[in-house]
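> Dropping in upload_20.txt, with compact mmCIF, C-alpha atoms and all ligand atoms.
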# COMPACT_ATOMS: atom_id res chain seq x y z
CA MET A 8 96.39 101.72 75.90
CA THR A 9 93.79 99.65 77.70
CA ASN A 10 91.31 101.59 79.77
CA HIS A 11 90.56 99.96 83.10
CA LEU A 12 87.55 100.22 85.31
CA LEU A 13 88.13 98.96 88.84
CA ALA A 14 85.06 98.20 90.92
CA LEU A 15 86.15 97.58 94.50
CA ASP A 16 84.19 96.43 97.49
CA PHE A 17 85.00 98.49 100.59
CA ASP A 18 84.73 96.41 103.77
CA GLY A 19 87.12 93.48 103.63
CA VAL A 20 88.92 94.78 100.55
CA ILE A 21 89.99 98.34 101.36
CA CYS A 22 89.09 98.65 105.00
CA ASP A 23 89.16 96.32 107.98
CA GLY A 24 86.31 97.52 110.13
CA LEU A 25 85.93 94.56 112.48
CA ALA A 26 86.45 96.64 115.63
CA GLU A 27 83.93 99.18 114.42
CA TYR A 28 81.40 96.49 113.45
CA PHE A 29 81.62 95.02 116.90
CA GLN A 30 81.18 98.34 118.68
CA THR A 31 78.30 99.40 116.42
CA THR A 32 76.71 95.98 116.82
CA CYS A 33 76.92 96.07 120.62
CA TYR A 34 75.24 99.49 120.75
CA ALA A 35 72.57 98.39 118.28
CA TYR A 36 72.03 95.21 120.28
CA GLY A 37 71.41 97.26 123.41
CA GLU A 38 68.66 99.15 121.62
CA LEU A 39 67.11 96.12 119.97
CA TRP A 40 67.18 93.88 123.06
CA PRO A 41 67.26 96.29 126.01
CA GLN A 42 66.24 93.56 128.46
CA ALA A 43 68.95 91.14 127.36
CA GLU A 44 72.47 90.54 128.62
CA GLN A 45 74.54 93.62 127.86
CA PHE A 46 77.99 92.40 128.82
CA LEU A 47 78.99 91.53 125.29
CA GLU A 48 82.79 91.82 125.21
CA GLY A 49 83.11 88.06 125.61
CA TYR A 50 81.50 87.56 122.20
CA ARG A 51 84.04 89.67 120.29
CA GLU A 52 86.19 86.77 119.15
CA GLY A 53 83.20 84.73 117.97
CA PHE A 54 81.79 87.78 116.22
CA TYR A 55 85.04 88.30 114.29
CA ALA A 56 85.21 84.62 113.33
CA ALA A 57 81.60 84.46 112.10
CA ARG A 58 81.67 87.83 110.31
CA PRO A 59 82.46 86.27 106.89
CA ILE A 60 78.88 84.99 106.64
CA ILE A 61 77.40 88.47 106.92
CA GLU A 62 76.27 90.23 103.77
CA SER A 63 74.67 93.41 105.12
CA GLY A 64 75.08 95.46 108.27
CA TRP A 65 71.58 94.78 109.58
CA GLU A 66 72.50 91.11 110.07
CA MET A 67 75.25 91.95 112.58
CA PRO A 68 73.09 92.38 115.70
CA VAL A 69 71.15 89.29 114.63
CA MET A 70 74.40 87.35 114.53
CA LEU A 71 75.42 88.66 117.94
CA ARG A 72 72.03 87.50 119.20
CA ALA A 73 72.75 84.02 117.84
CA LEU A 74 76.11 83.96 119.67
CA VAL A 75 74.50 85.14 122.90
CA ARG A 76 71.93 82.39 122.47
CA GLY A 77 74.78 79.89 122.54
CA HIS A 78 75.13 79.03 118.87
CA SER A 79 78.73 78.22 117.97
CA VAL A 80 80.65 80.02 115.26
CA GLN A 81 80.70 76.78 113.29
CA ASP A 82 76.92 76.46 113.55
CA ILE A 83 76.39 80.06 112.47
CA LEU A 84 78.74 79.71 109.49
CA ALA A 85 77.02 76.49 108.38
CA HIS A 86 73.38 77.46 108.99
CA TRP A 87 73.24 81.24 108.85
CA PRO A 88 70.02 81.66 106.78
CA ASP A 89 68.16 79.40 109.24
CA ARG A 90 69.53 81.09 112.36
CA ARG A 91 68.77 84.52 110.93
CA THR A 92 65.22 83.51 110.05
CA GLU A 93 64.64 81.99 113.51
CA ILE A 94 65.74 85.15 115.31
CA LEU A 95 63.87 87.49 112.97
CA ALA A 96 60.69 85.43 113.38
CA GLU A 97 60.67 86.23 117.11
CA GLN A 98 60.77 89.97 116.57
CA THR A 99 57.93 92.36 115.95
CA TYR A 100 60.11 94.43 113.63
CA ASP A 101 61.68 93.58 110.30
CA ARG A 102 65.12 93.80 108.75
CA ALA A 103 64.52 97.42 107.72
CA HIS A 104 64.25 98.34 111.39
CA PHE A 105 67.49 96.50 112.18
CA SER A 106 69.14 98.42 109.37
CA GLN A 107 67.82 101.76 110.66
CA VAL A 108 69.08 101.05 114.18
CA VAL A 109 72.55 100.06 112.94
CA ASP A 110 72.84 103.14 110.73
CA ALA A 111 71.52 105.43 113.48
CA VAL A 112 74.14 104.10 115.91
CA ARG A 113 76.82 104.76 113.31
CA ASP A 114 75.55 108.25 112.52
CA ARG A 115 75.54 109.07 116.22
CA ALA A 116 79.13 107.83 116.65
CA ILE A 117 80.23 109.97 113.68
CA HIS A 118 78.51 113.07 114.99
CA GLU A 119 79.45 112.71 118.62
CA GLN A 120 82.80 110.89 118.58
CA LEU A 121 84.18 111.24 115.07
CA MET A 122 87.86 110.71 115.88
CA ASP A 123 87.09 107.65 118.02
CA TRP A 124 84.91 106.25 115.27
CA LEU A 125 87.53 106.78 112.57
CA ALA A 126 90.21 105.24 114.79
CA LEU A 127 88.27 101.97 114.91
CA HIS A 128 89.00 101.40 111.21
CA ARG A 129 92.17 99.95 109.75
CA PHE A 130 93.04 100.15 106.10
CA TYR A 131 94.78 97.07 104.73
CA PRO A 132 98.54 97.58 104.21
CA GLY A 133 99.37 99.55 101.09
CA VAL A 134 95.79 99.87 99.88
CA ILE A 135 95.40 103.61 100.43
CA THR A 136 98.65 104.39 98.59
CA GLN A 137 97.50 102.13 95.76
CA LEU A 138 94.13 103.89 95.46
CA GLN A 139 95.85 107.27 95.43
CA GLN A 140 98.16 106.09 92.68
CA TRP A 141 95.34 104.72 90.54
CA LEU A 142 93.50 108.02 90.90
CA THR A 143 96.39 109.78 89.17
CA LEU A 144 96.17 107.53 86.10
CA PRO A 145 93.91 108.84 83.33
CA HIS A 146 93.24 105.36 81.93
CA VAL A 147 91.96 104.06 85.27
CA ASP A 148 88.37 104.59 86.37
CA LEU A 149 87.95 103.79 90.06
CA TRP A 150 84.62 102.90 91.70
CA ILE A 151 83.61 101.62 95.12
CA VAL A 152 80.69 99.18 95.10
CA SER A 153 79.58 98.38 98.64
CA THR A 154 76.61 97.40 100.78
CA LYS A 155 77.70 100.00 103.34
CA GLU A 156 76.13 103.47 103.24
CA GLY A 157 78.15 105.63 100.84
CA ARG A 158 78.33 108.52 103.29
CA PHE A 159 80.29 106.38 105.75
CA ILE A 160 82.71 105.29 103.05
CA ALA A 161 83.17 108.88 101.85
CA GLN A 162 84.01 109.95 105.40
CA LEU A 163 86.65 107.23 105.80
CA LEU A 164 88.28 107.79 102.41
CA GLU A 165 88.40 111.53 102.93
CA GLN A 166 90.09 111.04 106.28
CA ALA A 167 92.62 108.69 104.66
CA GLY A 168 93.41 111.22 101.95
CA VAL A 169 91.75 109.45 99.02
CA ASP A 170 90.12 112.03 96.79
CA LEU A 171 87.48 109.88 95.12
CA PRO A 172 84.43 111.74 93.77
CA ARG A 173 81.34 110.95 95.85
CA SER A 174 79.51 109.96 92.66
CA GLN A 175 81.93 107.04 92.26
CA ILE A 176 81.00 105.55 95.62
CA ILE A 177 77.99 103.27 95.11
CA GLY A 178 76.75 102.32 98.55
CA LYS A 179 73.71 100.77 100.16
CA GLU A 180 71.62 103.86 99.39
CA ILE A 181 71.32 102.79 95.75
CA ARG A 182 69.28 99.77 96.89
CA GLN A 183 70.27 97.34 94.20
CA PRO A 184 72.41 94.21 94.08
CA LYS A 185 76.08 94.65 93.23
CA VAL A 186 75.62 92.68 90.01
CA VAL A 187 73.10 95.27 88.79
CA THR A 188 75.63 98.02 89.51
CA LEU A 189 78.29 96.05 87.67
CA GLY A 190 75.99 95.77 84.65
CA GLN A 191 75.48 99.54 84.71
CA LEU A 192 79.23 100.10 84.87
CA ARG A 193 79.66 97.65 81.99
CA ASP A 194 77.13 99.65 79.91
CA ARG A 195 78.77 102.89 80.88
CA ALA A 196 82.26 101.80 79.92
CA PRO A 197 81.89 99.24 77.11
CA GLU A 198 85.52 99.55 76.00
CA HIS A 199 87.03 99.22 79.47
CA LEU A 200 88.56 96.15 80.98
CA ILE A 201 86.54 95.76 84.17
CA SER A 202 87.86 94.15 87.35
CA PHE A 203 85.63 93.53 90.36
CA VAL A 204 87.35 92.84 93.69
CA GLU A 205 85.15 91.52 96.48
CA ASP A 206 85.75 89.52 99.63
CA ARG A 207 82.46 87.61 99.60
CA LEU A 208 81.82 84.79 97.17
CA PRO A 209 78.06 85.21 96.51
CA PRO A 210 78.27 88.53 94.60
CA LEU A 211 81.11 87.09 92.49
CA GLN A 212 79.13 83.92 91.78
CA GLN A 213 76.10 86.00 90.83
CA ALA A 214 78.23 88.07 88.46
CA SER A 215 79.76 84.96 86.88
CA ALA A 216 76.26 83.69 86.07
CA ILE A 217 75.39 86.76 83.99
CA PRO A 218 76.38 86.47 80.30
CA GLU A 219 76.71 90.25 79.89
CA LEU A 220 79.40 90.22 82.58
CA ALA A 221 81.37 87.33 81.06
CA ASP A 222 84.33 89.58 80.26
CA VAL A 223 84.50 91.10 83.75
CA ARG A 224 87.47 89.89 85.78
CA LEU A 225 86.19 88.64 89.12
CA TYR A 226 88.51 88.47 92.11
CA LEU A 227 88.00 87.13 95.62
CA ALA A 228 90.19 89.15 98.01
CA ASP A 229 91.88 86.53 100.19
CA TRP A 230 92.70 89.10 102.90
CA GLY A 231 89.07 89.98 103.57
CA TYR A 232 86.19 88.40 105.43
CA ASN A 233 86.19 84.92 103.98
CA THR A 234 87.11 81.51 105.33
CA ALA A 235 89.34 78.76 103.91
CA ALA A 236 86.18 76.78 103.10
CA MET A 237 84.80 79.72 101.11
CA ARG A 238 88.10 80.23 99.28
CA SER A 239 88.26 76.55 98.37
CA GLN A 240 85.00 76.90 96.43
CA ILE A 241 86.87 78.67 93.66
CA ASN A 242 87.85 76.20 90.99
CA GLY A 243 90.90 76.73 88.83
CA GLY A 244 90.14 78.03 85.37
CA ALA A 245 86.80 79.56 86.31
CA GLN A 246 86.01 83.25 85.90
CA ILE A 247 86.54 83.92 89.61
CA GLN A 248 90.15 84.08 90.76
CA LEU A 249 91.71 84.30 94.19
CA LEU A 250 93.64 87.53 94.72
CA SER A 251 96.29 88.24 97.34
CA LEU A 252 97.00 91.66 98.76
CA GLU A 253 100.31 91.60 96.92
CA GLN A 254 98.56 90.91 93.60
CA PHE A 255 96.04 93.68 94.30
CA GLY A 256 98.69 96.26 93.40
CA GLN A 257 99.26 94.49 90.07
CA LEU A 258 95.67 94.62 88.82
CA ILE A 259 96.77 97.29 86.43
CA VAL A 260 100.13 96.86 84.82
CA PRO A 261 101.94 100.19 84.93
CA ILE A 262 102.53 101.88 81.61
CA ALA A 263 106.26 101.89 80.88
MG MG B 301 83.20 93.09 101.73
Any chance you could give the structure as structure tokens?

Amino acid sequence: MTNHLLALDFDGVICDGLAEYFQTTCYAYGELWPQAEQFLEGYREGFYAARPIIESGWEMPVMLRALVRGHSVQDILAHWPDRRTEILAEQTYDRAHFSQVVDAVRDRAIHEQLMDWLALHRFYPGVITQLQQWLTLPHVDLWIVSTKEGRFIAQLLEQAGVDLPRSQIIGKEIRQPKVVTLGQLRDRAPEHLISFVEDRLPPLQQASAIPELADVRLYLADWGYNTAAMRSQINGGAQIQLLSLEQFGQLIVPIA
């Protein structure tokens, strides 16, 4: 029997947190730019559309700032590193401060309005049931590899009834790129067939460039935060494959 190790991204693979991102971002924005325009609801649609370019939570208020400044979604998607640098250059604080503000807003929402905060999240159809099923299989080792704080993920999975050990949730607190985590999982489980499911192309491309990860199956989740242009960058026959939500449940062929 083949042993499987599944390394799954969280946001955009398991959980759709767009509504929560937007709320958290608006609160963080109010703290970061208290003098600026605070009627932000009108930017929700643009925020959702440009979200695929975001890698880490600290960038979200920066992106909202770019939208408020009048940059189009198209411009942000095409020139995000430049726009991010321009906005950061005007601030007296760095990305670590942005990150602290975003996490503090989230922590406050969890402590003061837990049910409201949880209700802002949607799990993709069938995903929770699938995770629960995999957790019953002794030949499947399930891990979450995310740039979100692990404590937030643990809270959401617990609420959804997924009993994943906290030690198997690798979040932002580990402070290392996902490819480094994948390498550690590879070392830890040399006999396992490893699959990595992620909704952003860069971590998959980074993994595909590492010889030690050549046997890792890399999947871009087509239901997550990516655009048609991003999905079209996958070439047939390469290590990275496009995965549909339907195929997600077939990552591990059931033992007859
Ligand atoms: Mg993601």
> Got a sec: who's within 10 Å of A:Leu71, counting all atoms listed in the file, leaving out chain neighbours fewer than 2 positions off, as a ChimeraX atom specification?
/A:29,32-33,36,47,50-51,53-54,57-58,66-69,73-78
> Taking all atoms listed in the file into account, name the residue in A:Ala167, A:Met70, A:Leu127, A:Ala35 that is nearest to A:Leu95.
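The answer is A:Met70, which sits nearest to A:Leu95.
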> Find the residues near ligand MG 301 (chain B). Use a cut-off of 12 Å, count only C-alpha atoms and all ligand atoms, and write them as a ChimeraX atom specification.
/A:15-25,58-64,151-155,178,185,203-211,226-233
> What does the distance between atom CA of A:Ala111 and atom CA of A:Gln162 come to in Å, to one decimal place?
15.5 Å
> Can you tell me, as lines of an AutoDock Vina configuration file, the centre and edge lengths (Å, one decimal) of the axis-aligned box enclosing all of stretch 181-197 of chain A's listed atoms after padding each side by 3 Å?

center_x = 75.8
center_y = 97.8
center_z = 87.0
size_x = 19.0
size_y = 16.2
size_z = 25.8
